[in-house]
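With PDB, C-alpha atoms, pLDDT in the B column inside, this is upload_17.pdb:
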```
ATOM      1  CA  MET A 944     109.425  64.328 -47.027  1.00 68.00           C
ATOM      2  CA  ALA A 945     108.463  67.701 -45.596  1.00 86.00           C
ATOM      3  CA  ASP A 946     105.297  69.547 -46.513  1.00 92.00           C
ATOM      4  CA  VAL A 947     104.812  72.103 -49.257  1.00 95.00           C
ATOM      5  CA  ILE A 948     104.400  75.709 -48.113  1.00 96.00           C
ATOM      6  CA  GLU A 949     101.786  77.519 -50.173  1.00 95.00           C
ATOM      7  CA  VAL A 950     101.206  81.249 -50.047  1.00 96.00           C
ATOM      8  CA  ASN A 951      97.966  82.621 -51.455  1.00 96.00           C
ATOM      9  CA  CYS A 952      98.912  86.079 -52.668  1.00 95.00           C
ATOM     10  CA  GLU A 953      95.312  87.329 -52.715  1.00 93.00           C
ATOM     11  CA  THR A 954      94.460  86.432 -49.144  1.00 93.00           C
ATOM     12  CA  GLY A 955      97.966  86.416 -47.677  1.00 91.00           C
ATOM     13  CA  ILE A 956      97.176  83.078 -46.056  1.00 93.00           C
ATOM     14  CA  THR A 957     100.005  80.539 -45.831  1.00 94.00           C
ATOM     15  CA  THR A 958      99.119  76.861 -45.674  1.00 94.00           C
ATOM     16  CA  THR A 959     101.083  73.626 -45.615  1.00 94.00           C
ATOM     17  CA  ARG A 960     100.119  70.343 -47.213  1.00 93.00           C
ATOM     18  CA  PRO A 961     101.803  67.034 -48.067  1.00 92.00           C
ATOM     19  CA  GLN A 962     103.385  66.687 -51.472  1.00 87.00           C
ATOM     20  CA  THR A 963     101.394  64.999 -54.205  1.00 88.00           C
ATOM     21  CA  ALA A 964     102.878  62.016 -56.032  1.00 88.00           C
ATOM     22  CA  GLU A 965     103.447  64.253 -59.066  1.00 84.00           C
ATOM     23  CA  GLU A 966     105.309  66.822 -56.977  1.00 80.00           C
ATOM     24  CA  ILE A 967     107.490  64.145 -55.409  1.00 84.00           C
ATOM     25  CA  ALA A 968     108.375  62.842 -58.857  1.00 83.00           C
ATOM     26  CA  ALA A 969     109.034  66.373 -60.135  1.00 76.00           C
ATOM     27  CA  ALA A 970     111.230  67.205 -57.149  1.00 75.00           C
ATOM     28  CA  GLU A 971     113.229  64.025 -57.599  1.00 79.00           C
ATOM     29  CA  ALA A 972     113.646  64.775 -61.297  1.00 78.00           C
ATOM     30  CA  ALA A 973     114.723  68.342 -60.541  1.00 72.00           C
ATOM     31  CA  ALA A 974     117.234  67.156 -57.937  1.00 74.00           C
ATOM     32  CA  ALA A 975     118.631  64.583 -60.349  1.00 79.00           C
ATOM     33  CA  GLN A 976     118.881  67.217 -63.082  1.00 74.00           C
ATOM     34  CA  ALA A 977     120.592  69.658 -60.734  1.00 70.00           C
ATOM     35  CA  ALA A 978     123.070  66.985 -59.663  1.00 75.00           C
ATOM     36  CA  ALA A 979     123.784  66.093 -63.277  1.00 79.00           C
ATOM     37  CA  ASP A 980     124.266  69.739 -64.199  1.00 72.00           C
ATOM     38  CA  LYS A 981     126.655  70.237 -61.304  1.00 71.00           C
ATOM     39  CA  ALA A 982     128.577  67.075 -62.142  1.00 79.00           C
ATOM     40  CA  ALA A 983     128.929  68.214 -65.736  1.00 79.00           C
ATOM     41  CA  ALA A 984     130.196  71.615 -64.615  1.00 72.00           C
ATOM     42  CA  ASP A 985     132.642  70.030 -62.182  1.00 77.00           C
ATOM     43  CA  ALA A 986     133.901  67.663 -64.878  1.00 84.00           C
ATOM     44  CA  ALA A 987     134.388  70.530 -67.298  1.00 80.00           C
ATOM     45  CA  GLU A 988     136.304  72.490 -64.696  1.00 77.00           C
ATOM     46  CA  LYS A 989     138.513  69.496 -63.897  1.00 85.00           C
ATOM     47  CA  ALA A 990     139.183  68.861 -67.595  1.00 89.00           C
ATOM     48  CA  LYS A 991     140.204  72.483 -67.991  1.00 86.00           C
ATOM     49  CA  ALA A 992     142.537  72.277 -64.981  1.00 86.00           C
ATOM     50  CA  ASP A 993     144.017  69.013 -66.220  1.00 92.00           C
ATOM     51  CA  ALA A 994     144.664  70.493 -69.653  1.00 93.00           C
ATOM     52  CA  LYS A 995     146.377  73.495 -68.095  1.00 91.00           C
ATOM     53  CA  ALA A 996     148.577  71.256 -65.948  1.00 92.00           C
ATOM     54  CA  ALA A 997     149.510  69.195 -68.997  1.00 95.00           C
ATOM     55  CA  ALA A 998     150.353  72.339 -70.962  1.00 94.00           C
ATOM     56  CA  ILE A 999     152.577  73.611 -68.139  1.00 93.00           C
ATOM     57  CA  ALA A1000     154.377  70.280 -67.996  1.00 94.00           C
ATOM     58  CA  LYS A1001     155.059  70.376 -71.734  1.00 95.00           C
ATOM     59  CA  LEU A1002     156.303  73.965 -71.581  1.00 94.00           C
ATOM     60  CA  THR A1003     158.596  73.062 -68.709  1.00 95.00           C
ATOM     61  CA  ALA A1004     159.887  70.069 -70.645  1.00 95.00           C
ATOM     62  CA  LEU A1005     160.727  72.423 -73.523  1.00 95.00           C
ATOM     63  CA  GLY A1006     163.011  74.362 -71.175  1.00 95.00           C
ATOM     64  CA  LEU A1007     160.884  77.325 -70.121  1.00 94.00           C
ATOM     65  CA  THR A1008     161.516  78.634 -66.635  1.00 93.00           C
ATOM     66  CA  ALA A1009     158.792  78.747 -64.011  1.00 92.00           C
ATOM     67  CA  ASP A1010     158.543  82.512 -64.433  1.00 94.00           C
ATOM     68  CA  GLU A1011     158.228  82.155 -68.200  1.00 93.00           C
ATOM     69  CA  VAL A1012     155.543  79.521 -67.835  1.00 91.00           C
ATOM     70  CA  ALA A1013     153.706  81.698 -65.318  1.00 90.00           C
ATOM     71  CA  ALA A1014     153.849  84.624 -67.728  1.00 91.00           C
ATOM     72  CA  LEU A1015     152.209  82.513 -70.412  1.00 87.00           C
ATOM     73  CA  THR A1016     149.581  80.874 -68.248  1.00 80.00           C
ATOM     74  CA  ALA A1017     148.583  83.651 -65.862  1.00 73.00           C
TER      75      ALA A1017
ATOM     76  CA  MET B1189     102.777 111.542 -51.918  1.00 59.00           C
ATOM     77  CA  ALA B1190     104.729 109.407 -54.356  1.00 67.00           C
ATOM     78  CA  THR B1191     103.295 106.028 -55.321  1.00 74.00           C
ATOM     79  CA  SER B1192     105.229 103.076 -53.976  1.00 81.00           C
ATOM     80  CA  THR B1193     106.815 101.095 -56.805  1.00 91.00           C
ATOM     81  CA  TYR B1194     108.405  98.340 -54.721  1.00 93.00           C
ATOM     82  CA  ASN B1195     105.913  96.403 -52.622  1.00 95.00           C
ATOM     83  CA  LEU B1196     106.062  93.227 -50.560  1.00 96.00           C
ATOM     84  CA  ILE B1197     103.429  90.834 -51.911  1.00 96.00           C
ATOM     85  CA  ALA B1198     104.115  87.909 -49.571  1.00 96.00           C
ATOM     86  CA  SER B1199     106.804  86.422 -47.367  1.00 96.00           C
ATOM     87  CA  THR B1200     107.216  83.088 -45.640  1.00 96.00           C
ATOM     88  CA  ILE B1201     109.654  81.545 -43.194  1.00 96.00           C
ATOM     89  CA  VAL B1202     110.207  77.800 -43.032  1.00 97.00           C
ATOM     90  CA  GLY B1203     109.295  76.153 -39.757  1.00 95.00           C
ATOM     91  CA  SER B1204     110.933  73.356 -37.817  1.00 94.00           C
ATOM     92  CA  GLY B1205     109.594  70.620 -40.102  1.00 91.00           C
ATOM     93  CA  GLY B1206     111.294  72.042 -43.178  1.00 95.00           C
ATOM     94  CA  ALA B1207     109.604  72.533 -46.529  1.00 96.00           C
ATOM     95  CA  SER B1208     109.880  70.405 -49.650  1.00 94.00           C
ATOM     96  CA  SER B1209     109.024  73.446 -51.746  1.00 94.00           C
ATOM     97  CA  ILE B1210     107.678  76.978 -51.428  1.00 96.00           C
ATOM     98  CA  VAL B1211     104.849  78.115 -53.681  1.00 96.00           C
ATOM     99  CA  PHE B1212     104.030  81.782 -54.137  1.00 97.00           C
ATOM    100  CA  GLY B1213     100.610  82.360 -55.653  1.00 97.00           C
ATOM    101  CA  SER B1214      98.897  79.069 -54.939  1.00 94.00           C
ATOM    102  CA  GLY B1215      95.813  78.810 -57.116  1.00 93.00           C
ATOM    103  CA  GLY B1216      97.312  81.321 -59.549  1.00 96.00           C
ATOM    104  CA  THR B1217      97.022  84.263 -57.176  1.00 96.00           C
ATOM    105  CA  ILE B1218     100.105  86.346 -57.969  1.00 97.00           C
ATOM    106  CA  PRO B1219      98.523  89.730 -58.786  1.00 96.00           C
ATOM    107  CA  ASN B1220      98.906  91.068 -62.322  1.00 96.00           C
ATOM    108  CA  THR B1221      99.168  94.665 -61.162  1.00 95.00           C
ATOM    109  CA  TYR B1222     102.951  94.925 -61.263  1.00 96.00           C
ATOM    110  CA  THR B1223     105.514  95.214 -64.041  1.00 96.00           C
ATOM    111  CA  ASP B1224     108.210  92.924 -62.638  1.00 97.00           C
ATOM    112  CA  LEU B1225     108.631  90.457 -59.780  1.00 98.00           C
ATOM    113  CA  LEU B1226     111.544  90.076 -57.393  1.00 98.00           C
ATOM    114  CA  ILE B1227     112.136  87.185 -55.005  1.00 98.00           C
ATOM    115  CA  LYS B1228     114.644  87.433 -52.205  1.00 98.00           C
ATOM    116  CA  LEU B1229     115.560  84.042 -50.784  1.00 98.00           C
ATOM    117  CA  SER B1230     117.734  83.194 -47.801  1.00 97.00           C
ATOM    118  CA  GLY B1231     117.884  79.432 -47.975  1.00 97.00           C
ATOM    119  CA  ARG B1232     119.549  76.320 -46.686  1.00 97.00           C
ATOM    120  CA  ALA B1233     118.917  72.691 -47.640  1.00 96.00           C
ATOM    121  CA  THR B1234     118.601  69.796 -45.211  1.00 96.00           C
ATOM    122  CA  SER B1235     121.034  67.651 -47.211  1.00 92.00           C
ATOM    123  CA  GLY B1236     123.951  68.014 -49.595  1.00 89.00           C
ATOM    124  CA  SER B1237     126.667  70.640 -49.866  1.00 87.00           C
ATOM    125  CA  GLN B1238     126.602  73.710 -52.068  1.00 88.00           C
ATOM    126  CA  VAL B1239     123.296  72.590 -53.537  1.00 90.00           C
ATOM    127  CA  ASN B1240     121.539  73.945 -56.623  1.00 90.00           C
ATOM    128  CA  PRO B1241     117.962  75.100 -55.989  1.00 93.00           C
ATOM    129  CA  SER B1242     115.553  75.553 -58.867  1.00 93.00           C
ATOM    130  CA  MET B1243     112.337  77.332 -59.843  1.00 95.00           C
ATOM    131  CA  THR B1244     109.293  76.652 -61.995  1.00 94.00           C
ATOM    132  CA  PHE B1245     106.310  78.763 -63.081  1.00 97.00           C
ATOM    133  CA  ASN B1246     102.595  77.962 -63.085  1.00 96.00           C
ATOM    134  CA  GLY B1247     103.268  74.340 -62.156  1.00 91.00           C
ATOM    135  CA  SER B1248     104.925  73.733 -65.516  1.00 92.00           C
ATOM    136  CA  SER B1249     107.932  71.410 -65.812  1.00 87.00           C
ATOM    137  CA  SER B1250     108.910  72.136 -69.408  1.00 92.00           C
ATOM    138  CA  SER B1251     110.355  74.780 -71.748  1.00 96.00           C
ATOM    139  CA  TYR B1252     113.061  76.145 -69.450  1.00 95.00           C
ATOM    140  CA  SER B1253     116.659  76.970 -70.325  1.00 95.00           C
ATOM    141  CA  TRP B1254     119.474  78.714 -68.493  1.00 94.00           C
ATOM    142  CA  ILE B1255     123.139  79.677 -68.541  1.00 94.00           C
ATOM    143  CA  GLY B1256     125.198  79.964 -65.356  1.00 93.00           C
ATOM    144  CA  LEU B1257     128.489  81.678 -64.558  1.00 93.00           C
ATOM    145  CA  TYR B1258     130.126  80.883 -61.251  1.00 90.00           C
ATOM    146  CA  GLY B1259     133.182  81.672 -59.202  1.00 89.00           C
ATOM    147  CA  THR B1260     134.573  79.637 -56.323  1.00 84.00           C
ATOM    148  CA  GLY B1261     137.241  81.966 -55.032  1.00 79.00           C
ATOM    149  CA  GLY B1262     139.844  79.575 -56.445  1.00 78.00           C
ATOM    150  CA  GLY B1263     138.485  79.434 -59.979  1.00 80.00           C
ATOM    151  CA  GLY B1264     135.392  79.759 -62.030  1.00 82.00           C
ATOM    152  CA  GLY B1265     133.436  78.388 -64.922  1.00 83.00           C
ATOM    153  CA  SER B1266     130.133  78.199 -66.656  1.00 85.00           C
ATOM    154  CA  ASN B1267     127.395  75.707 -67.337  1.00 84.00           C
ATOM    155  CA  ASN B1268     124.127  75.637 -69.155  1.00 84.00           C
ATOM    156  CA  ASN B1269     121.082  73.614 -69.991  1.00 83.00           C
ATOM    157  CA  GLY B1270     119.246  74.390 -73.202  1.00 85.00           C
ATOM    158  CA  SER B1271     116.134  72.371 -72.451  1.00 85.00           C
ATOM    159  CA  THR B1272     115.173  71.382 -68.971  1.00 85.00           C
ATOM    160  CA  SER B1273     112.387  71.110 -66.411  1.00 87.00           C
ATOM    161  CA  SER B1274     113.272  74.137 -64.251  1.00 90.00           C
ATOM    162  CA  ILE B1275     115.507  77.188 -63.988  1.00 93.00           C
ATOM    163  CA  LEU B1276     118.651  76.926 -61.913  1.00 92.00           C
ATOM    164  CA  LEU B1277     118.737  79.343 -58.990  1.00 94.00           C
ATOM    165  CA  GLY B1278     122.495  79.236 -58.603  1.00 92.00           C
ATOM    166  CA  ILE B1279     123.787  77.979 -55.298  1.00 93.00           C
ATOM    167  CA  MET B1280     122.669  77.547 -51.716  1.00 94.00           C
ATOM    168  CA  ASP B1281     124.143  76.060 -48.562  1.00 94.00           C
ATOM    169  CA  GLY B1282     123.281  72.506 -47.556  1.00 94.00           C
ATOM    170  CA  SER B1283     123.633  70.488 -44.384  1.00 93.00           C
ATOM    171  CA  GLY B1284     127.218  69.609 -45.329  1.00 90.00           C
ATOM    172  CA  ASP B1285     128.280  73.246 -45.273  1.00 90.00           C
ATOM    173  CA  THR B1286     129.174  75.442 -42.341  1.00 90.00           C
ATOM    174  CA  ALA B1287     126.484  75.205 -39.662  1.00 91.00           C
ATOM    175  CA  SER B1288     123.872  77.946 -39.616  1.00 91.00           C
ATOM    176  CA  THR B1289     124.985  79.487 -42.905  1.00 92.00           C
ATOM    177  CA  PHE B1290     122.408  80.276 -45.562  1.00 95.00           C
ATOM    178  CA  GLY B1291     122.734  80.989 -49.247  1.00 95.00           C
ATOM    179  CA  SER B1292     121.192  84.236 -50.388  1.00 95.00           C
ATOM    180  CA  MET B1293     119.835  85.171 -53.777  1.00 96.00           C
ATOM    181  CA  ASP B1294     117.902  87.736 -55.738  1.00 98.00           C
ATOM    182  CA  ILE B1295     115.660  86.424 -58.508  1.00 98.00           C
ATOM    183  CA  TYR B1296     114.383  89.077 -60.923  1.00 98.00           C
ATOM    184  CA  ILE B1297     111.519  88.339 -63.333  1.00 98.00           C
ATOM    185  CA  PRO B1298     110.750  91.280 -65.626  1.00 97.00           C
ATOM    186  CA  ASN B1299     107.492  91.603 -67.586  1.00 96.00           C
ATOM    187  CA  TYR B1300     105.908  88.575 -65.966  1.00 97.00           C
ATOM    188  CA  ASN B1301     102.476  89.466 -67.395  1.00 96.00           C
ATOM    189  CA  SER B1302     103.613  89.837 -70.990  1.00 96.00           C
ATOM    190  CA  SER B1303     102.746  87.513 -73.852  1.00 97.00           C
ATOM    191  CA  ASN B1304     106.431  87.091 -74.642  1.00 97.00           C
ATOM    192  CA  TYR B1305     108.730  84.419 -73.251  1.00 98.00           C
ATOM    193  CA  LYS B1306     109.808  85.105 -69.650  1.00 98.00           C
ATOM    194  CA  SER B1307     113.415  85.949 -68.855  1.00 98.00           C
ATOM    195  CA  VAL B1308     114.942  85.599 -65.402  1.00 98.00           C
ATOM    196  CA  SER B1309     118.163  86.800 -63.829  1.00 98.00           C
ATOM    197  CA  VAL B1310     119.589  85.363 -60.635  1.00 98.00           C
ATOM    198  CA  GLU B1311     122.413  86.492 -58.375  1.00 98.00           C
ATOM    199  CA  ALA B1312     123.315  83.993 -55.671  1.00 97.00           C
ATOM    200  CA  VAL B1313     126.013  83.251 -53.139  1.00 95.00           C
ATOM    201  CA  ALA B1314     126.567  80.328 -50.783  1.00 92.00           C
ATOM    202  CA  GLU B1315     128.356  81.471 -47.703  1.00 79.00           C
ATOM    203  CA  ALA B1316     130.262  78.416 -46.529  1.00 74.00           C
ATOM    204  CA  ASN B1317     133.121  80.150 -44.803  1.00 66.00           C
ATOM    205  CA  THR B1318     135.295  77.145 -44.091  1.00 65.00           C
ATOM    206  CA  ALA B1319     135.094  75.562 -47.531  1.00 66.00           C
ATOM    207  CA  THR B1320     134.851  76.566 -51.142  1.00 75.00           C
ATOM    208  CA  SER B1321     132.312  79.345 -51.469  1.00 83.00           C
ATOM    209  CA  TYR B1322     130.389  80.026 -54.621  1.00 88.00           C
ATOM    210  CA  SER B1323     128.942  83.057 -56.280  1.00 93.00           C
ATOM    211  CA  TYR B1324     126.612  82.448 -59.177  1.00 94.00           C
ATOM    212  CA  PHE B1325     124.945  84.438 -61.923  1.00 97.00           C
ATOM    213  CA  VAL B1326     122.206  82.769 -63.913  1.00 97.00           C
ATOM    214  CA  SER B1327     120.346  83.898 -66.990  1.00 97.00           C
ATOM    215  CA  GLY B1328     117.153  81.893 -67.442  1.00 97.00           C
ATOM    216  CA  LEU B1329     114.267  81.686 -69.878  1.00 98.00           C
ATOM    217  CA  TRP B1330     110.814  80.135 -69.752  1.00 98.00           C
ATOM    218  CA  SER B1331     109.708  79.716 -73.367  1.00 97.00           C
ATOM    219  CA  ASN B1332     106.045  80.186 -72.624  1.00 98.00           C
ATOM    220  CA  ALA B1333     103.767  83.122 -73.436  1.00 97.00           C
ATOM    221  CA  SER B1334     101.484  82.720 -70.415  1.00 97.00           C
ATOM    222  CA  ALA B1335     101.457  85.288 -67.628  1.00 98.00           C
ATOM    223  CA  ILE B1336     103.192  84.033 -64.501  1.00 98.00           C
ATOM    224  CA  THR B1337     100.594  83.457 -61.784  1.00 98.00           C
ATOM    225  CA  SER B1338     102.466  81.125 -59.450  1.00 97.00           C
ATOM    226  CA  ILE B1339     106.123  80.409 -58.663  1.00 98.00           C
ATOM    227  CA  THR B1340     107.544  77.265 -57.061  1.00 95.00           C
ATOM    228  CA  LEU B1341     110.948  77.220 -55.385  1.00 95.00           C
ATOM    229  CA  ASN B1342     112.649  73.845 -54.916  1.00 92.00           C
ATOM    230  CA  PRO B1343     115.715  73.318 -52.709  1.00 92.00           C
ATOM    231  CA  GLY B1344     117.587  71.008 -55.109  1.00 87.00           C
ATOM    232  CA  SER B1345     118.544  68.573 -52.344  1.00 88.00           C
ATOM    233  CA  GLY B1346     116.437  67.442 -49.392  1.00 91.00           C
ATOM    234  CA  ASN B1347     114.150  70.175 -48.078  1.00 94.00           C
ATOM    235  CA  PHE B1348     114.384  73.855 -47.276  1.00 97.00           C
ATOM    236  CA  ALA B1349     115.734  73.976 -43.743  1.00 97.00           C
ATOM    237  CA  GLN B1350     114.145  75.788 -40.830  1.00 97.00           C
ATOM    238  CA  TYR B1351     114.599  79.571 -40.904  1.00 97.00           C
ATOM    239  CA  SER B1352     114.873  79.705 -44.678  1.00 98.00           C
ATOM    240  CA  ILE B1353     113.001  82.834 -45.755  1.00 98.00           C
ATOM    241  CA  ALA B1354     111.482  83.709 -49.113  1.00 98.00           C
ATOM    242  CA  SER B1355     109.887  87.045 -49.950  1.00 98.00           C
ATOM    243  CA  LEU B1356     108.063  88.030 -53.128  1.00 97.00           C
ATOM    244  CA  TYR B1357     108.029  91.675 -54.186  1.00 97.00           C
ATOM    245  CA  GLY B1358     106.158  93.422 -56.942  1.00 97.00           C
ATOM    246  CA  ILE B1359     107.886  96.175 -58.918  1.00 96.00           C
ATOM    247  CA  LYS B1360     105.962  98.860 -60.779  1.00 92.00           C
ATOM    248  CA  ASN B1361     107.464 101.067 -63.432  1.00 83.00           C
ATOM    249  CA  SER B1362     105.436 104.052 -62.271  1.00 77.00           C
TER     250      SER B1362
END
```
As structure tokens, how would this structure be written, given the file I've shared?
Amino acid sequence: MADVIEVNCETGITTTRPQTAEEIAAAEAAAAQAAADKAAADAAEKAKADAKAAAIAKLTALGLTADEVAALTA
Amino acid sequence: MATSTYNLIASTIVGSGGASSIVFGSGGTIPNTYTDLLIKLSGRATSGSQVNPSMTFNGSSSSYSWIGLYGTGGGGGSNNNGSTSSILLGIMDGSGDTASTFGSMDIYIPNYNSSNYKSVSVEAVAEANTATSYSYFVSGLWSNASAITSITLNPGSGNFAQYSIASLYGIKNS
């Protein structure tokens, strides 16, 4: 794992140091949370796309033309 | 002569070893002489694709919430987290994205000295030209009344890659 960059805003001095155990744990938790959030968003987007595809299929089965379906779903 | 209301407080560029995080105001040294804070970040992660960086204040890992709106060029959506350990900073390129591309973002933190909860707005884009590209808007909140004296930026996946740059600006209202 790379070092932490720390900037002291009073002195303007930038230093680097190894991560503490707490920071490693926090970073891992944050990465896991970010991955979970992204997965949830991706799943929601896929569910929405799947529902739209299913709706288009049902409209087509009812006899609507492609143009009519597009007019409803655009 | 007019007083400057937009001042660079500090800036850092990540070296060849990468950085696991970037801390502005180590030891609680962000000055309290401004009204608002602005961070401009050009960042890339050493792993992942289209990764989600995050931010915390004062070393705290609690009482954050956010809502995100994003567009991919081919669609869009939203996500949110009502109780989490950091604020999402939108999107940033990772090692799986187009070589040498960096995500860029503006992070605005108004009234960072106030005794009210701290709101945050983020505008971010990840410029992966050969794949799906994201733009992201995030509204965040830190439900804490303490003044913000330090800010930690985390890459979300791996480390900040070399040549990532973060700059902290102070904004005065007069």
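Residue nearest Pro961 (chain A), chosen from B:Val1310, B:Val1326, B:Ala1354, B:Ala1207 and counting all atoms listed in the file: B:Ala1207.
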Polymer residues at most 7 Å from (126.6, 67.9, -46.3) by all atoms listed in the file, as a PyMOL selection string: chain B and resi 1235-1237+1282-1285
Distance filter 7 Å, all atoms listed in the file, chain B against chain A, as a list in words: Ile1197, Ala1198, Gly1205, Gly1206, Ala1207, Ser1208, Ser1209, Ile1210, Val1211, Phe1212, Gly1213, Ser1214, Thr1217, Ile1218, Asn1240, Gly1265, Ser1266, Asn1267, Ser1273, Gly1344, Ser1345 and Asn1347 of chain B
Residues within 8 Å of Met1243 (chain B), only C-alpha atoms, excluding chain neighbours under 4 positions, as a PyMOL selection string: chain B and resi 1274-1277+1339-1342
Contacts of Gln1350 (chain B) at 9 Å (all atoms listed in the file; same-chain gap of 6+ positions) as a PyMOL selection string: chain B and resi 1201-1207+1231-1234
